[in-house]
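Shown next: structure_1.pdb, given as PDB, C-alpha atoms.
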```
MODEL        1
ATOM      1  CA  MET A   9     -74.860  72.434 -52.609
ATOM      2  CA  TYR A  10     -73.745  69.963 -49.966
ATOM      3  CA  LEU A  11     -70.485  68.294 -48.991
ATOM      4  CA  HIS A  12     -70.724  64.595 -48.110
ATOM      5  CA  LEU A  13     -68.458  63.840 -45.115
ATOM      6  CA  GLY A  14     -69.155  60.110 -44.871
ATOM      7  CA  GLN A  15     -71.689  57.898 -43.087
ATOM      8  CA  SER A  16     -74.711  59.739 -44.499
ATOM      9  CA  VAL A  17     -73.563  63.078 -43.091
ATOM     10  CA  VAL A  18     -73.795  66.085 -45.390
ATOM     11  CA  VAL A  19     -73.136  69.740 -44.645
ATOM     12  CA  PRO A  20     -74.301  72.678 -46.780
ATOM     13  CA  HIS A  21     -71.428  74.508 -48.492
ATOM     14  CA  ARG A  22     -72.516  77.856 -47.049
ATOM     15  CA  GLU A  23     -71.945  76.551 -43.486
ATOM     16  CA  ILE A  24     -68.373  75.292 -44.016
ATOM     17  CA  LEU A  25     -65.687  77.516 -42.529
ATOM     18  CA  GLY A  26     -62.715  75.260 -43.227
ATOM     19  CA  ILE A  27     -61.368  71.811 -43.978
ATOM     20  CA  PHE A  28     -58.284  70.806 -41.986
ATOM     21  CA  ASP A  29     -55.841  67.901 -42.105
ATOM     22  CA  LEU A  30     -55.422  66.409 -38.614
ATOM     23  CA  ASP A  31     -51.767  65.425 -39.132
ATOM     24  CA  ASN A  32     -50.759  68.944 -40.117
ATOM     25  CA  THR A  33     -52.875  70.913 -37.648
ATOM     26  CA  SER A  34     -53.069  68.851 -34.458
ATOM     27  CA  TRP A  35     -49.424  69.481 -33.535
ATOM     28  CA  ALA A  36     -50.285  73.121 -32.738
ATOM     29  CA  TYR A  37     -51.241  73.790 -29.132
ATOM     30  CA  LYS A  38     -54.075  76.180 -30.072
ATOM     31  CA  THR A  39     -55.656  73.625 -32.400
ATOM     32  CA  ARG A  40     -55.531  70.883 -29.767
ATOM     33  CA  GLU A  41     -56.982  73.324 -27.226
ATOM     34  CA  PHE A  42     -59.788  74.267 -29.641
ATOM     35  CA  LEU A  43     -60.640  70.620 -30.392
ATOM     36  CA  ASP A  44     -60.584  69.698 -26.676
ATOM     37  CA  ARG A  45     -62.887  72.589 -25.841
ATOM     38  CA  ALA A  46     -65.286  71.697 -28.660
ATOM     39  CA  GLN A  47     -65.326  68.088 -27.401
ATOM     40  CA  ARG A  48     -66.127  69.186 -23.827
ATOM     41  CA  GLU A  49     -68.924  71.443 -25.102
ATOM     42  CA  GLY A  50     -70.466  68.635 -27.172
ATOM     43  CA  ARG A  51     -69.832  70.306 -30.533
ATOM     44  CA  VAL A  52     -67.829  67.433 -32.070
ATOM     45  CA  VAL A  53     -69.546  65.039 -34.452
ATOM     46  CA  ASP A  54     -67.558  61.880 -35.177
ATOM     47  CA  VAL A  55     -68.384  60.558 -38.650
ATOM     48  CA  CYS A  56     -65.690  57.922 -38.954
ATOM     49  CA  ASP A  57     -65.283  54.260 -38.092
ATOM     50  CA  ASP A  58     -61.587  54.249 -38.870
ATOM     51  CA  LEU A  59     -58.605  56.440 -38.096
ATOM     52  CA  PRO A  60     -59.605  60.133 -38.380
ATOM     53  CA  ARG A  61     -57.710  62.031 -41.061
ATOM     54  CA  SER A  62     -59.334  65.459 -41.147
ATOM     55  CA  PHE A  63     -61.901  67.702 -39.571
ATOM     56  CA  VAL A  64     -64.417  70.141 -41.012
ATOM     57  CA  LEU A  65     -65.412  73.272 -39.151
ATOM     58  CA  ALA A  66     -68.981  74.328 -39.924
ATOM     59  CA  GLN A  67     -71.295  76.924 -38.452
ATOM     60  CA  ARG A  68     -74.998  77.406 -38.827
ATOM     61  CA  GLU A  69     -76.375  80.904 -38.664
ATOM     62  CA  ASN A  70     -76.526  82.181 -35.063
ATOM     63  CA  ASP A  71     -74.952  79.008 -33.670
ATOM     64  CA  LEU A  72     -71.571  77.914 -32.339
ATOM     65  CA  PRO A  73     -69.191  76.205 -34.783
ATOM     66  CA  ARG A  74     -69.447  72.428 -35.015
ATOM     67  CA  VAL A  75     -66.464  70.143 -35.672
ATOM     68  CA  TYR A  76     -66.966  67.099 -37.886
ATOM     69  CA  ILE A  77     -64.217  64.473 -37.526
ATOM     70  CA  THR A  78     -63.954  62.335 -40.667
ATOM     71  CA  GLN A  79     -61.822  59.516 -42.014
ATOM     72  CA  LEU A  80     -61.651  61.181 -45.434
ATOM     73  CA  SER A  81     -58.511  63.136 -46.234
ATOM     74  CA  SER A  82     -58.672  66.891 -46.619
ATOM     75  CA  SER A  83     -57.673  66.514 -50.297
ATOM     76  CA  ALA A  84     -60.556  64.070 -50.916
ATOM     77  CA  LEU A  85     -62.976  66.487 -49.273
ATOM     78  CA  LEU A  86     -61.607  69.330 -51.367
ATOM     79  CA  ARG A  87     -62.114  67.298 -54.556
ATOM     80  CA  ARG A  88     -65.706  66.563 -53.494
ATOM     81  CA  TRP A  89     -66.206  70.261 -52.775
ATOM     82  CA  GLU A  90     -64.869  71.338 -56.161
ATOM     83  CA  SER A  91     -66.835  68.734 -58.104
ATOM     84  CA  SER A  92     -70.132  69.610 -56.433
ATOM     85  CA  VAL A  93     -69.774  73.397 -56.737
ATOM     86  CA  PHE A  94     -70.492  73.311 -60.453
ATOM     87  CA  GLU A  95     -73.367  70.817 -60.403
TER      88      GLU A  95
ENDMDL
END
```
Transcribe the structure of this file into structure tokens.
Amino acid sequence: MYLHLGQSVVVPHREILGIFDLDNTSWAYKTREFLDRAQREGRVVDVCDDLPRSFVLAQRENDLPRVYITQLSSSALLRRWESSVFE
């Protein structure tokens, strides 16, 4: 199964480590530090044209985690996740 993040970007369910709301998580210093480091290392994929609302942390086998920034809310992504799990 796959999770559609927007703009023709899909990620396999087995690679997803977490779905995070930017408003609730970006206030923490460690989260900002993590996102800044991922940006510097080129591991951030921006899949939004509008204001970003959440990010998805995904990791392929034997690879560093990748951060997908999306304009979809974390609750919308969760609903997509739950609806596609049983297909």
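Among A:Leu25, A:Val18, A:Val75, A:Ala36, the residue with the shortest atom-to-atom distance to Glu49 (chain A), counting only C-alpha atoms, is A:Val75.
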Around the point (-71.3, 74.6, -35.5), in the coordinates given by the file, pick out the residues reaching within 10 Å, counting all atoms listed in the file, and return them as a ChimeraX atom specification.
-> /A:23-25,46,51-53,64-76
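Evaluating the PyMOL selection byres ((chain A and resi 78-90) around 8) against the shown model yields Leu11, His12, Leu13, Gly14, His21, Ile27, Phe28, Asp29, Asp54, Val55, Cys56, Asp57, Asp58, Leu59, Pro60, Arg61, Ser62, Phe63, Val64, Tyr76, Ile77, Ser91, Ser92, Val93 and Phe94 of chain A.
Our summary of the geometry notes that CA of Arg48 (chain A) is positioned 19.2 Å from CA of Thr33 (chain A).
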Quick one: distance from CA of Asp31 (chain A) to CA of Ser16 (chain A) in Å, one decimal?
-> 24.2 Å
